[in-house]
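A.B. asks: Next comes final_20.txt, compact mmCIF, C-alpha atoms:
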```txt
# COMPACT_ATOMS: atom_id res chain seq x y z
CA MET N 1232 3.52 -5.55 -14.70
CA LYS N 1233 7.29 -5.56 -14.20
CA LYS N 1234 9.68 -2.79 -15.06
CA THR N 1235 11.20 -3.23 -18.51
CA ALA N 1236 14.06 -1.45 -20.24
CA LEU N 1237 13.48 0.16 -23.62
CA PHE N 1238 16.58 -0.28 -25.72
CA LEU N 1239 17.58 2.24 -28.36
CA PHE N 1240 14.61 3.38 -30.39
CA PHE N 1241 11.50 3.78 -29.43
CA LEU N 1242 14.41 -28.82 -27.67
CA MET N 1243 11.83 -30.21 -30.22
CA ALA N 1244 10.98 -33.47 -28.38
CA SER N 1245 9.20 -31.56 -25.64
CA ALA N 1246 6.66 -29.81 -27.86
CA GLN N 1247 3.14 -30.98 -27.12
CA GLY N 1248 -0.17 -29.99 -28.66
CA ILE N 1249 -2.47 -30.28 -31.65
CA ALA N 1250 -0.69 -31.89 -34.59
CA GLN N 1251 -1.47 -29.32 -37.28
CA THR N 1252 -0.82 -30.33 -40.89
CA GLU N 1253 -1.70 -27.11 -42.71
CA PRO N 1254 1.57 -25.60 -44.03
CA LYS N 1255 1.21 -22.28 -42.17
CA PHE N 1256 0.80 -24.08 -38.85
CA GLU N 1257 3.75 -26.34 -39.62
CA LYS N 1258 5.81 -23.20 -40.24
CA ILE N 1259 4.70 -21.71 -36.90
CA ASP N 1260 5.71 -24.91 -35.13
CA GLN N 1261 9.04 -24.95 -36.98
CA LEU N 1262 9.68 -21.34 -35.96
CA LEU N 1263 8.88 -21.95 -32.28
CA ASN N 1264 10.97 -25.10 -32.23
CA HIS N 1265 13.80 -23.06 -33.75
CA PHE N 1266 13.59 -20.62 -30.84
CA TYR N 1267 13.23 -23.42 -28.29
CA THR N 1268 16.08 -25.63 -29.48
CA ASN N 1269 18.37 -22.59 -29.48
CA ASP N 1270 17.45 -21.77 -25.86
CA ARG N 1271 15.55 -18.63 -26.77
CA PHE N 1272 11.99 -19.62 -25.80
CA MET N 1273 9.92 -21.75 -23.47
CA GLY N 1274 6.19 -21.32 -23.28
CA SER N 1275 2.86 -21.93 -24.95
CA VAL N 1276 0.81 -20.62 -27.89
CA SER N 1277 -2.85 -20.71 -28.92
CA ILE N 1278 -4.55 -19.43 -32.07
CA ARG N 1279 -8.33 -19.44 -32.26
CA GLU N 1280 -10.48 -18.83 -35.35
CA GLY N 1281 -13.96 -18.02 -34.12
CA ASN N 1282 -14.60 -20.58 -31.39
CA ASP N 1283 -12.21 -23.16 -32.83
CA VAL N 1284 -8.64 -23.60 -31.62
CA VAL N 1285 -6.65 -24.15 -34.82
CA PHE N 1286 -3.15 -24.17 -33.32
CA GLU N 1287 -1.94 -24.94 -29.81
CA ASN N 1288 1.42 -26.11 -28.59
CA ALA N 1289 3.67 -26.00 -25.54
CA TYR N 1290 7.47 -25.91 -25.60
CA GLY N 1291 9.90 -26.55 -22.77
CA TYR N 1292 9.31 -27.11 -19.08
CA THR N 1293 7.12 -26.10 -16.18
CA ASP N 1294 9.97 -27.17 -13.88
CA ALA N 1295 13.29 -27.33 -15.71
CA GLU N 1296 15.28 -28.54 -12.68
CA ASN N 1297 13.11 -31.64 -12.35
CA GLY N 1298 12.49 -32.17 -16.04
CA ILE N 1299 8.70 -31.63 -15.86
CA LYS N 1300 7.55 -30.78 -19.36
CA ALA N 1301 4.89 -28.22 -20.22
CA ASN N 1302 1.66 -29.07 -22.03
CA THR N 1303 -1.27 -27.07 -23.34
CA HIS N 1304 -2.92 -27.03 -19.89
CA THR N 1305 0.18 -25.68 -18.14
CA LYS N 1306 -0.69 -22.50 -16.26
CA TYR N 1307 1.54 -19.42 -16.51
CA LYS N 1308 1.45 -16.06 -14.75
CA ILE N 1309 0.07 -13.55 -17.24
CA GLY N 1310 1.08 -10.26 -15.60
CA SER N 1311 -0.73 -7.22 -16.92
CA ILE N 1312 -3.18 -9.12 -19.13
CA THR N 1313 -4.92 -9.33 -15.73
CA LYS N 1314 -5.88 -5.68 -16.29
CA MET N 1315 -8.33 -6.73 -19.03
CA PHE N 1316 -10.18 -8.86 -16.46
CA THR N 1317 -10.13 -6.05 -13.91
CA ALA N 1318 -11.42 -3.50 -16.42
CA ALA N 1319 -14.22 -5.85 -17.51
CA ILE N 1320 -15.40 -6.27 -13.90
CA VAL N 1321 -15.37 -2.51 -13.34
CA LEU N 1322 -17.50 -2.05 -16.46
CA GLN N 1323 -19.88 -4.73 -15.19
CA LEU N 1324 -20.27 -2.71 -11.99
CA ILE N 1325 -20.96 0.39 -14.07
CA GLU N 1326 -23.63 -1.57 -15.98
CA ASP N 1327 -25.08 -2.54 -12.59
CA LYS N 1328 -25.15 1.18 -11.65
CA LYS N 1329 -22.86 0.60 -8.69
CA LEU N 1330 -20.23 2.88 -10.21
CA THR N 1331 -19.92 5.38 -13.05
CA LEU N 1332 -16.98 6.41 -15.17
CA ASN N 1333 -17.16 9.75 -13.35
CA THR N 1334 -17.14 8.33 -9.82
CA LYS N 1335 -14.34 10.04 -7.91
CA LEU N 1336 -11.50 8.14 -6.27
CA SER N 1337 -12.07 10.30 -3.17
CA GLN N 1338 -15.30 8.36 -2.55
CA PHE N 1339 -13.11 5.38 -1.64
CA TYR N 1340 -9.55 6.55 -0.96
CA PRO N 1341 -9.36 10.27 -0.24
CA GLU N 1342 -5.81 9.86 1.06
CA ILE N 1343 -4.51 9.50 -2.52
CA LYS N 1344 -3.25 12.85 -3.78
CA ASN N 1345 -5.67 14.52 -6.25
CA ALA N 1346 -8.35 11.94 -5.34
CA ASP N 1347 -11.06 14.64 -5.68
CA SER N 1348 -10.09 15.07 -9.34
CA ILE N 1349 -9.36 11.43 -10.28
CA THR N 1350 -12.24 9.42 -11.74
CA ILE N 1351 -12.78 5.72 -12.41
CA ASP N 1352 -12.27 6.55 -16.08
CA HIS N 1353 -8.89 8.12 -15.31
CA LEU N 1354 -7.83 4.94 -13.50
CA LEU N 1355 -9.01 2.67 -16.31
CA SER N 1356 -7.26 4.68 -19.02
CA HIS N 1357 -4.02 5.50 -17.18
CA LYS N 1358 -4.83 9.22 -17.03
CA SER N 1359 -4.86 9.59 -13.24
CA GLY N 1360 -1.31 10.91 -12.86
CA ILE N 1361 -0.71 8.48 -9.97
CA TYR N 1362 2.91 7.36 -9.87
CA ASN N 1363 3.56 3.77 -10.96
CA TYR N 1364 4.69 1.96 -7.80
CA THR N 1365 6.64 -0.66 -9.78
CA ASN N 1366 8.95 2.13 -10.98
CA ALA N 1367 10.03 3.02 -7.44
CA ASP N 1368 13.63 2.24 -6.45
CA ASP N 1369 12.53 -0.02 -3.60
CA PHE N 1370 10.04 -2.10 -5.60
CA MET N 1371 12.20 -5.22 -6.00
CA GLU N 1372 12.95 -5.19 -2.26
CA TYR N 1373 9.44 -6.33 -1.31
CA THR N 1374 8.20 -8.36 -4.30
CA LYS N 1375 8.69 -11.67 -2.48
CA ASN N 1376 6.87 -10.55 0.67
CA ALA N 1377 3.11 -10.44 1.28
CA GLN N 1378 1.76 -6.88 1.32
CA THR N 1379 -1.38 -5.81 3.14
CA LYS N 1380 -3.95 -3.50 1.59
CA MET N 1381 -2.96 -0.79 4.08
CA GLU N 1382 0.72 -1.12 3.17
CA MET N 1383 0.00 -0.81 -0.55
CA LEU N 1384 -2.37 2.12 -0.06
CA LYS N 1385 0.13 3.94 2.14
CA ARG N 1386 2.85 3.37 -0.46
CA ILE N 1387 0.71 4.65 -3.36
CA ALA N 1388 -0.59 7.60 -1.31
CA GLY N 1389 2.99 8.59 -0.52
CA PHE N 1390 3.94 9.27 -4.12
CA ASP N 1391 3.70 12.74 -5.62
CA PRO N 1392 1.50 12.99 -8.73
CA VAL N 1393 3.25 12.71 -12.07
CA PHE N 1394 0.76 15.02 -13.81
CA LYS N 1395 -2.71 16.51 -13.31
CA PRO N 1396 -5.57 14.01 -13.79
CA GLY N 1397 -6.69 13.90 -17.42
CA GLU N 1398 -3.77 16.03 -18.61
CA LYS N 1399 -2.07 13.11 -20.37
CA ALA N 1400 -1.77 9.31 -20.18
CA GLU N 1401 1.06 7.32 -18.64
CA TYR N 1402 1.02 3.62 -17.77
CA SER N 1403 0.74 2.98 -14.04
CA ASN N 1404 0.09 -0.30 -12.24
CA SER N 1405 -1.09 1.78 -9.27
CA ASN N 1406 -4.31 2.56 -11.16
CA TYR N 1407 -5.33 -1.09 -11.36
CA VAL N 1408 -4.35 -1.96 -7.81
CA LEU N 1409 -6.75 0.78 -6.72
CA LEU N 1410 -9.46 -0.50 -9.09
CA GLY N 1411 -9.09 -3.95 -7.50
CA TYR N 1412 -9.64 -2.48 -4.03
CA ILE N 1413 -12.66 -0.54 -5.31
CA ILE N 1414 -14.14 -3.74 -6.76
CA GLU N 1415 -13.83 -5.33 -3.32
CA ASP N 1416 -15.37 -2.30 -1.59
CA VAL N 1417 -18.37 -2.19 -3.93
CA THR N 1418 -19.09 -5.94 -4.06
CA LYS N 1419 -18.08 -6.84 -0.50
CA LYS N 1420 -16.23 -9.80 -2.00
CA THR N 1421 -12.53 -10.43 -2.62
CA TYR N 1422 -11.00 -9.68 -5.98
CA LYS N 1423 -10.34 -13.42 -6.34
CA ALA N 1424 -14.03 -14.21 -5.75
CA ASN N 1425 -15.07 -11.58 -8.29
CA ILE N 1426 -12.80 -13.13 -10.92
CA ASN N 1427 -14.32 -16.54 -10.22
CA ASP N 1428 -17.96 -15.46 -10.00
CA ARG N 1429 -18.04 -12.93 -12.83
CA ILE N 1430 -15.66 -14.32 -15.45
CA THR N 1431 -13.91 -17.66 -15.03
CA ARG N 1432 -16.82 -19.78 -13.74
CA PRO N 1433 -19.45 -18.51 -16.24
CA LEU N 1434 -17.02 -18.96 -19.15
CA LYS N 1435 -15.65 -22.27 -17.83
CA LEU N 1436 -12.08 -20.94 -17.83
CA THR N 1437 -10.85 -23.80 -15.67
CA ASP N 1438 -7.16 -22.90 -16.01
CA THR N 1439 -7.49 -19.24 -15.01
CA TYR N 1440 -7.32 -18.04 -11.40
CA TYR N 1441 -5.60 -15.80 -8.86
CA TYR N 1442 -2.17 -17.24 -8.22
CA SER N 1443 -0.52 -18.47 -5.03
CA LYS N 1444 2.86 -20.14 -4.59
CA THR N 1445 3.76 -22.07 -7.75
CA ASN N 1446 3.17 -25.81 -7.58
CA PRO N 1447 4.33 -27.87 -10.61
CA LYS N 1448 2.09 -30.73 -9.38
CA ARG N 1449 -0.85 -28.47 -10.28
CA ASN N 1450 0.73 -28.02 -13.72
CA GLU N 1451 1.87 -24.48 -12.86
CA ALA N 1452 5.06 -23.18 -14.44
CA TYR N 1453 8.05 -21.44 -12.95
CA SER N 1454 9.71 -18.68 -14.99
CA TYR N 1455 13.32 -18.69 -16.17
CA THR N 1456 16.11 -16.63 -17.64
CA PHE N 1457 18.92 -18.21 -19.64
CA GLU N 1458 22.31 -17.77 -18.01
CA GLY N 1459 25.49 -19.29 -19.35
CA ASP N 1460 24.36 -22.64 -20.71
CA LYS N 1461 21.18 -23.31 -18.73
CA TRP N 1462 17.76 -21.99 -17.71
CA VAL N 1463 17.86 -20.43 -14.24
CA GLN N 1464 14.65 -20.14 -12.20
CA SER N 1465 13.55 -16.61 -11.31
CA ASP N 1466 12.37 -15.55 -7.87
CA GLU N 1467 8.62 -15.63 -7.33
CA TRP N 1468 6.60 -12.55 -6.44
CA ASP N 1469 3.89 -12.64 -3.83
CA SER N 1470 0.47 -12.22 -5.46
CA SER N 1471 -0.40 -9.27 -3.20
CA VAL N 1472 2.34 -7.23 -4.89
CA ALA N 1473 0.76 -7.64 -8.34
CA TYR N 1474 -2.88 -8.00 -7.24
CA ALA N 1475 -5.52 -6.68 -9.70
CA ALA N 1476 -2.76 -5.27 -11.91
CA GLY N 1477 -1.15 -8.64 -12.63
CA ALA N 1478 -1.86 -11.59 -10.31
CA LEU N 1479 -3.68 -14.07 -12.54
CA VAL N 1480 -2.43 -17.33 -14.02
CA SER N 1481 -3.90 -18.74 -17.21
CA THR N 1482 -3.20 -20.60 -20.43
CA PRO N 1483 -3.14 -19.25 -23.99
CA ASN N 1484 -6.24 -21.34 -24.73
CA ASP N 1485 -8.18 -19.81 -21.84
CA LEU N 1486 -7.04 -16.32 -22.82
CA THR N 1487 -8.15 -16.65 -26.44
CA LYS N 1488 -11.48 -18.00 -25.19
CA PHE N 1489 -11.78 -15.06 -22.78
CA ILE N 1490 -11.14 -12.37 -25.39
CA LYS N 1491 -13.52 -14.00 -27.88
CA ALA N 1492 -16.23 -14.03 -25.20
CA LEU N 1493 -15.45 -10.40 -24.38
CA PHE N 1494 -15.98 -9.33 -28.00
CA ASP N 1495 -19.07 -11.56 -28.30
CA GLY N 1496 -20.82 -9.68 -25.48
CA LYS N 1497 -20.71 -12.57 -23.02
CA ILE N 1498 -18.91 -10.58 -20.31
CA ILE N 1499 -19.97 -6.97 -20.82
CA LYS N 1500 -22.46 -5.23 -23.09
CA LYS N 1501 -21.58 -3.90 -26.53
CA GLU N 1502 -21.57 -0.32 -25.24
CA SER N 1503 -19.13 -1.24 -22.49
CA LEU N 1504 -16.89 -3.01 -24.98
CA GLU N 1505 -16.82 0.16 -27.07
CA THR N 1506 -15.67 1.99 -23.94
CA MET N 1507 -12.83 -0.50 -23.51
CA LYS N 1508 -11.86 -0.25 -27.19
CA THR N 1509 -11.92 3.54 -27.49
CA MET N 1510 -8.33 4.77 -27.61
CA ASP N 1511 -7.22 8.13 -26.26
CA MET N 1512 -3.57 9.13 -25.97
CA GLY N 1513 -2.67 5.54 -26.88
CA TYR N 1514 -4.74 3.83 -24.19
CA GLY N 1515 -8.16 2.22 -24.04
CA ARG N 1516 -9.70 0.98 -20.80
CA GLY N 1517 -7.72 -2.16 -19.96
CA MET N 1518 -6.90 -2.59 -23.65
CA PHE N 1519 -4.39 -1.47 -26.28
CA ILE N 1520 -4.22 -1.66 -30.05
CA PHE N 1521 -1.20 -3.31 -31.59
CA PRO N 1522 -0.88 -3.27 -35.38
CA PHE N 1523 0.35 -6.00 -37.67
CA ASN N 1524 0.59 -4.85 -41.29
CA SER N 1525 -2.89 -3.50 -42.10
CA ARG N 1526 -4.58 -5.26 -39.16
CA ASN N 1527 -5.24 -3.75 -35.75
CA PHE N 1528 -5.40 -6.26 -32.90
CA TYR N 1529 -7.05 -5.35 -29.59
CA GLY N 1530 -5.54 -6.78 -26.44
CA HIS N 1531 -2.86 -6.43 -23.81
CA ASN N 1532 0.62 -7.67 -22.96
CA GLY N 1533 2.11 -8.66 -19.64
CA GLY N 1534 5.31 -9.24 -17.73
CA ILE N 1535 5.92 -10.55 -14.22
CA GLU N 1536 8.98 -12.30 -12.79
CA SER N 1537 10.47 -13.67 -16.04
CA PHE N 1538 7.10 -14.41 -17.62
CA THR N 1539 6.10 -12.36 -20.66
CA SER N 1540 2.74 -12.64 -22.39
CA VAL N 1541 0.53 -11.18 -25.08
CA LEU N 1542 -3.14 -11.54 -26.01
CA GLY N 1543 -4.72 -10.09 -29.14
CA TYR N 1544 -7.98 -10.20 -31.09
CA TYR N 1545 -8.69 -9.11 -34.66
CA PRO N 1546 -12.46 -8.57 -34.83
CA LYS N 1547 -12.84 -8.61 -38.62
CA GLU N 1548 -11.56 -12.19 -38.81
CA GLN N 1549 -12.62 -13.24 -35.27
CA MET N 1550 -9.03 -14.38 -34.86
CA SER N 1551 -7.45 -14.44 -31.40
CA ILE N 1552 -3.89 -15.26 -30.46
CA SER N 1553 -2.01 -15.62 -27.20
CA VAL N 1554 1.62 -16.36 -26.46
CA ILE N 1555 2.95 -16.85 -22.93
CA GLN N 1556 6.68 -17.20 -22.40
CA ASN N 1557 8.15 -18.64 -19.20
CA GLY N 1558 11.67 -18.94 -20.60
CA SER N 1559 12.68 -15.39 -21.45
CA ASN N 1560 15.67 -15.09 -23.78
CA TYR N 1561 14.22 -13.34 -26.84
CA ASP N 1562 11.98 -10.38 -27.62
CA LEU N 1563 8.38 -11.64 -27.38
CA ASN N 1564 7.23 -9.01 -29.86
CA GLU N 1565 9.59 -10.44 -32.46
CA ILE N 1566 8.31 -13.95 -31.74
CA LEU N 1567 4.74 -12.72 -32.21
CA VAL N 1568 5.68 -11.01 -35.50
CA GLY N 1569 7.17 -14.31 -36.67
CA ILE N 1570 4.05 -16.29 -35.71
CA LEU N 1571 1.68 -13.82 -37.40
CA SER N 1572 3.90 -13.68 -40.50
CA CYS N 1573 3.68 -17.46 -40.82
CA TYR N 1574 -0.07 -17.39 -40.15
CA TYR N 1575 -0.73 -14.78 -42.84
CA LYS N 1576 1.75 -16.41 -45.24
CA ILE N 1577 4.20 -13.51 -45.22
CA PRO N 1578 7.83 -14.51 -45.84
CA TYR N 1579 9.69 -14.74 -42.53
CA PRO N 1580 13.14 -16.36 -42.55
CA LEU N 1581 14.25 -18.16 -39.41
CA PRO N 1582 16.37 -15.68 -37.42
CA ASN N 1583 20.07 -16.34 -37.03
CA LEU N 1584 20.54 -17.62 -33.49
CA THR N 1585 24.08 -18.94 -33.93
CA ILE N 1586 26.72 -17.82 -31.43
CA ALA N 1587 30.23 -17.49 -32.85
CA GLU N 1588 33.61 -17.54 -31.09
CA VAL N 1589 35.42 -14.26 -31.82
CA ALA N 1590 39.01 -13.55 -30.81
CA PRO N 1591 39.41 -10.89 -28.07
CA GLU N 1592 41.69 -8.80 -30.27
CA VAL N 1593 38.96 -8.58 -32.92
CA LEU N 1594 36.41 -7.52 -30.33
CA LYS N 1595 38.75 -4.91 -28.84
CA GLY N 1596 39.16 -3.39 -32.31
CA TYR N 1597 35.49 -2.41 -32.32
CA GLU N 1598 35.66 -0.36 -29.11
CA GLY N 1599 34.79 3.30 -29.48
CA ASN N 1600 32.14 6.00 -29.68
CA TYR N 1601 29.99 6.01 -32.82
CA ASN N 1602 27.40 8.43 -34.14
CA SER N 1603 25.05 8.61 -37.11
CA SER N 1604 23.89 11.43 -39.37
CA GLU N 1605 20.55 9.61 -39.65
CA ILE N 1606 19.51 9.51 -35.99
CA PRO N 1607 20.57 11.61 -32.96
CA LEU N 1608 21.75 8.74 -30.76
CA GLU N 1609 25.40 8.11 -30.02
CA ILE N 1610 26.41 4.51 -29.35
CA THR N 1611 29.41 3.48 -27.24
CA VAL N 1612 30.87 0.02 -27.87
CA LYS N 1613 33.00 -1.47 -25.09
CA TYR N 1614 34.94 -4.69 -24.63
CA THR N 1615 34.65 -6.58 -21.34
CA GLU N 1616 35.74 -10.02 -20.23
CA ASN N 1617 32.25 -11.23 -21.21
CA GLY N 1618 32.42 -9.76 -24.74
CA LEU N 1619 31.11 -6.59 -26.38
CA THR N 1620 28.46 -4.28 -24.97
CA ALA N 1621 26.71 -1.36 -26.60
CA GLN N 1622 25.14 1.64 -24.93
CA ALA N 1623 23.02 4.32 -26.57
CA THR N 1624 22.65 7.86 -25.27
CA GLY N 1625 20.54 7.83 -22.10
CA GLN N 1626 20.08 4.05 -22.18
CA SER N 1627 21.45 1.06 -20.26
CA ALA N 1628 24.28 -0.99 -21.73
CA PHE N 1629 23.30 -4.28 -23.36
CA PRO N 1630 25.36 -7.29 -24.52
CA LEU N 1631 26.16 -7.96 -28.17
CA THR N 1632 26.13 -11.66 -29.08
CA PRO N 1633 28.43 -12.52 -31.99
CA THR N 1634 27.07 -14.55 -34.91
CA SER N 1635 30.30 -14.02 -36.88
CA ASP N 1636 33.47 -11.93 -36.61
CA THR N 1637 31.58 -8.90 -37.90
CA GLN N 1638 27.92 -9.47 -37.00
CA PHE N 1639 26.41 -9.07 -33.50
CA ILE N 1640 22.84 -9.29 -32.22
CA PHE N 1641 20.79 -8.39 -29.17
CA ASN N 1642 17.78 -10.65 -29.53
CA GLN N 1643 15.62 -9.17 -26.77
CA ALA N 1644 15.28 -5.91 -28.71
CA ASN N 1645 15.69 -7.37 -32.22
CA ILE N 1646 18.93 -5.44 -32.77
CA GLU N 1647 21.63 -6.43 -35.27
CA ILE N 1648 24.96 -4.62 -35.63
CA THR N 1649 27.26 -5.43 -38.57
CA PHE N 1650 30.74 -3.89 -38.62
CA LYS N 1651 31.96 -2.91 -42.05
CA ASP N 1652 35.42 -2.24 -40.60
CA ASN N 1653 36.85 -1.03 -37.28
CA ASN N 1654 35.45 2.45 -37.89
CA SER N 1655 31.85 1.90 -38.99
CA PHE N 1656 28.84 -0.36 -38.62
CA ILE N 1657 25.23 -0.76 -39.76
CA LEU N 1658 22.59 -1.00 -37.06
CA LYS N 1659 19.29 -2.74 -37.85
CA GLN N 1660 16.26 -2.92 -35.59
CA GLY N 1661 13.13 -4.40 -37.12
CA GLN N 1662 12.61 -2.62 -40.44
CA MET N 1663 14.88 0.30 -39.50
CA GLN N 1664 18.51 0.62 -40.57
CA PHE N 1665 21.14 3.25 -39.67
CA ASN N 1666 24.78 3.81 -40.60
CA TYR N 1667 27.23 4.62 -37.82
CA THR N 1668 30.83 5.82 -37.98
CA ARG N 1669 33.46 6.14 -35.27
CA LYS N 1670 33.81 9.63 -33.81
CA GLU N 1671 37.14 11.31 -34.18
CA GLN N 1672 38.95 11.58 -30.88
```
Would you kindly transcribe this structure into structure tokens?
C.D. replies:
Amino acid sequence: MKKTALFLFFLMASAQGIAQTEPKFEKIDQLLNHFYTNDRFMGSVSIREGNDVVFENAYGYTDAENGIKANTHTKYKIGSITKMFTAAIVLQLIEDKKLTLNTKLSQFYPEIKNADSITIDHLLSHKSGIYNYTNADDFMEYTKNAQTKMEMLKRIAGFDPVFKPGEKAEYSNSNYVLLGYIIEDVTKKTYKANINDRITRPLKLTDTYYYSKTNPKRNEAYSYTFEGDKWVQSDEWDSSVAYAAGALVSTPNDLTKFIKALFDGKIIKKESLETMKTMDMGYGRGMFIFPFNSRNFYGHNGGIESFTSVLGYYPKEQMSISVIQNGSNYDLNEILVGILSCYYKIPYPLPNLTIAEVAPEVLKGYEGNYNSSEIPLEITVKYTENGLTAQATGQSAFPLTPTSDTQFIFNQANIEITFKDNNSFILKQGQMQFNYTRKEQ
């Protein structure tokens, strides 16, 4: 849901949940406690095999300021995972013959540019060409304020198209806001009521609903970033800003139950599920594929405020997994890779999260412009009063956290830079590795 930067290349006592004794689950718990005790993670995890939850745990706080700890029924904002719910309802309406994939947007909102050429299918699969409103420069100026339907429609209608409908695919939250309004127009019920009547009530998803102002007394979590030596609460967004593109709260347990029901045909028919699953230009309809080794998981990720989330399902094993993070200080993808590695018994050493004290004169010695013969991205290393930063060609600068005098990391993007001397370093990101040398001045 939120705008995210793409970098470079493409406390244990508070954990609560099922006490798993199988070694792989103990390793998952050890890994998550490692992230939590080093102030890299707060949130909740659920793994389901078939209909059985085999691992669930919560780490950290719903309300850090008041010391209210999270548990496995703590509700978190799930951001764009909401789109899976929205897409499922649209496909239900298609099954009910109230819409078709070829229904034109102009039937509902002719004021949107190219509406005569944009179909329901284009909206579902991000092929409409409608500009993503969360990318606009003014987006953060109104996130805390309630937006009317007319205000959102006027805003979306005011953008110029990014491309011709069907020409290519590009992620846009605008598509799913419009789908939410269409759901309301067709059913004569609110989006919230449709979520309740069509999905959460039939499936008994008691911890999933359209969010309002966060209330820790209802076991709802705030989101946090880590600044200095403490978790700092992030500003809340009004639900009308995210709407059908990202305004649900849930738990990992509810999400794994939801996706299992989706694949079991309890929400939409098999043919509709195949429509959701079919990938074109990298997108399904409210669904992506994300690979792990030889396995392809179907699902979606999300981000709103400082919440990040992921939900995935591997049909062959009927295995579903969800992670929701409300304390954001580490790349969620890397956390997920660690969890799945432990689950599938693949060696995964605990990442180095140590922060070292490095003398300013050592840090200043690393300043300079570096390039590599292995990849066409120049990296500029600078020293500031807060330490080293690195900036790749065409990218934003990001901080480098020292783990020793020569090794630096940027956890959010799983980047590690190791200086061999003052004129060269090795950059690692995931399984990739590149050698860099200082440019001659």
A.B. asks: Which is closer to Ile1552 in chain N than all the others in N:Asn1282, N:Asn1425, N:Gln1464, N:Gln1338, using all atoms listed in the file?
C.D. replies: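 Among the listed residues, the smallest separation from Ile1552 in chain N belongs to N:Asn1282.
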A.B. asks: CA of Asn1363 in chain N and CA of Ser1405 in chain N, how far apart in Å?
C.D. replies: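 So the answer is 5.3 Å.
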A.B. asks: Would you please work out which residue, of N:Lys1448, N:His1531, N:Lys1258, N:His1357, is nearest to Lys1300 in chain N when using only C-alpha atoms?
C.D. replies: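 Among the listed residues, the smallest separation from Lys1300 in chain N belongs to N:Lys1448.
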A.B. asks: Please build the interface table for range 1560-1643 of chain N against range 1654-1659 of chain N with a cut-off of 10 Å, listing for each qualifying residue the nearest atom pair and the distance in Å to one decimal; count all atoms listed in the file, order rows by chain and increasing number, and write it as CSV.
C.D. replies:
```
residue,atom,partner,partner_atom,distance
N:Gly1596,CA,N:Asn1654,CA,8.9
N:Tyr1597,CA,N:Asn1654,CA,7.4
N:Glu1598,CA,N:Asn1654,CA,9.2
N:Gly1599,CA,N:Asn1654,CA,8.5
N:Asn1600,CA,N:Asn1654,CA,9.5
N:Tyr1601,CA,N:Ser1655,CA,7.6
N:Asn1602,CA,N:Ser1655,CA,9.3
N:Ser1603,CA,N:Ser1655,CA,9.7
N:Thr1637,CA,N:Phe1656,CA,9.0
N:Gln1638,CA,N:Phe1656,CA,9.3
N:Phe1639,CA,N:Leu1658,CA,9.6
N:Ile1640,CA,N:Lys1659,CA,9.3
```
A.B. asks: Which protein, DNA or RNA residues are at most 12 Å from (38.4, -6.5, -31.1) in the file's coordinates when you count only C-alpha atoms, listed as an MDAnalysis selection string?
C.D. replies: chainID N and resid 1589:1599 1612:1616 1618:1620 1633 1636:1637 1650 1652:1654
A.B. asks: For Leu1330 in chain N, find every residue with an atom within 10 Å (counting all atoms listed in the file), except residues of its own chain fewer than 6 positions away, and show them as a ChimeraX atom specification.
C.D. replies: /N:1321-1324,1351,1413-1414,1417
A.B. asks: For Ile1555 in chain N, which residue out of N:Thr1482, N:Gln1261, N:Ser1348, N:Thr1611 is the nearest one, using all atoms listed in the file?
C.D. replies: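 Checking each candidate against Ile1555 in chain N, we get N:Thr1482 as the closest.
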A.B. asks: Which residue, N:Leu1608, N:Glu1398, N:Lys1308, N:Thr1374, has the smallest gap to Thr1624 in chain N when you use only C-alpha atoms?
C.D. replies: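 Answer, going by the shortest atom-to-atom distance: N:Leu1608.
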A.B. asks: Could you tell me which of N:Arg1279, N:Arg1271, N:Lys1497, N:Lys1399 comes closest to Gly1291 in chain N if we count only C-alpha atoms?
C.D. replies: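 When distances to Gly1291 in chain N are compared using only C-alpha atoms, the smallest one comes from N:Arg1271.
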A.B. asks: Need to verify the contact set: Val1568 in chain N, 10 Å, only C-alpha atoms, exclusion of same-chain residues closer than 5 positions in sequence. Can you return it as a list in words?
C.D. replies: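 Within the cut-off, the hits are Phe1523, Asn1524, Leu1563, Cys1573, Tyr1574 and Tyr1579 of chain N.
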A.B. asks: Name all residues at most 12 Å from Ser1403 in chain N (count only C-alpha atoms; drop same-chain ones fewer than 4 positions away) and give them as number ranges by chain.
C.D. replies: N: 1232-1234, 1311, 1314, 1353-1367, 1387, 1392-1393, 1407-1410, 1476-1477, 1514, 1517
A.B. asks: Could you tell me which of N:Met1315, N:Ile1490, N:Ala1478, N:Met1550 comes closest to Phe1538 in chain N if we count all atoms listed in the file?
C.D. replies: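 Counting all atoms listed in the file, the residue closest to Phe1538 in chain N is N:Ala1478.
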A.B. asks: For the interface of range 1382-1470 of chain N with range 1272-1278 of chain N (cut-off 12 Å, counting only C-alpha atoms), please tabulate each contacting residue of range 1382-1470 of chain N alongside its nearest pair of atoms and their separation in Å to one decimal, rows sorted by chain and increasing number, as JSON lines.
C.D. replies:
```
{"residue": "N:Glu1451", "atom": "CA", "partner": "N:Gly1274", "partner_atom": "CA", "distance": 11.7}
{"residue": "N:Ala1452", "atom": "CA", "partner": "N:Gly1274", "partner_atom": "CA", "distance": 9.1}
{"residue": "N:Tyr1453", "atom": "CA", "partner": "N:Gly1274", "partner_atom": "CA", "distance": 10.5}
{"residue": "N:Ser1454", "atom": "CA", "partner": "N:Met1273", "partner_atom": "CA", "distance": 9.0}
{"residue": "N:Tyr1455", "atom": "CA", "partner": "N:Met1273", "partner_atom": "CA", "distance": 8.6}
{"residue": "N:Thr1456", "atom": "CA", "partner": "N:Phe1272", "partner_atom": "CA", "distance": 9.6}
{"residue": "N:Phe1457", "atom": "CA", "partner": "N:Phe1272", "partner_atom": "CA", "distance": 9.4}
{"residue": "N:Trp1462", "atom": "CA", "partner": "N:Met1273", "partner_atom": "CA", "distance": 9.7}
```
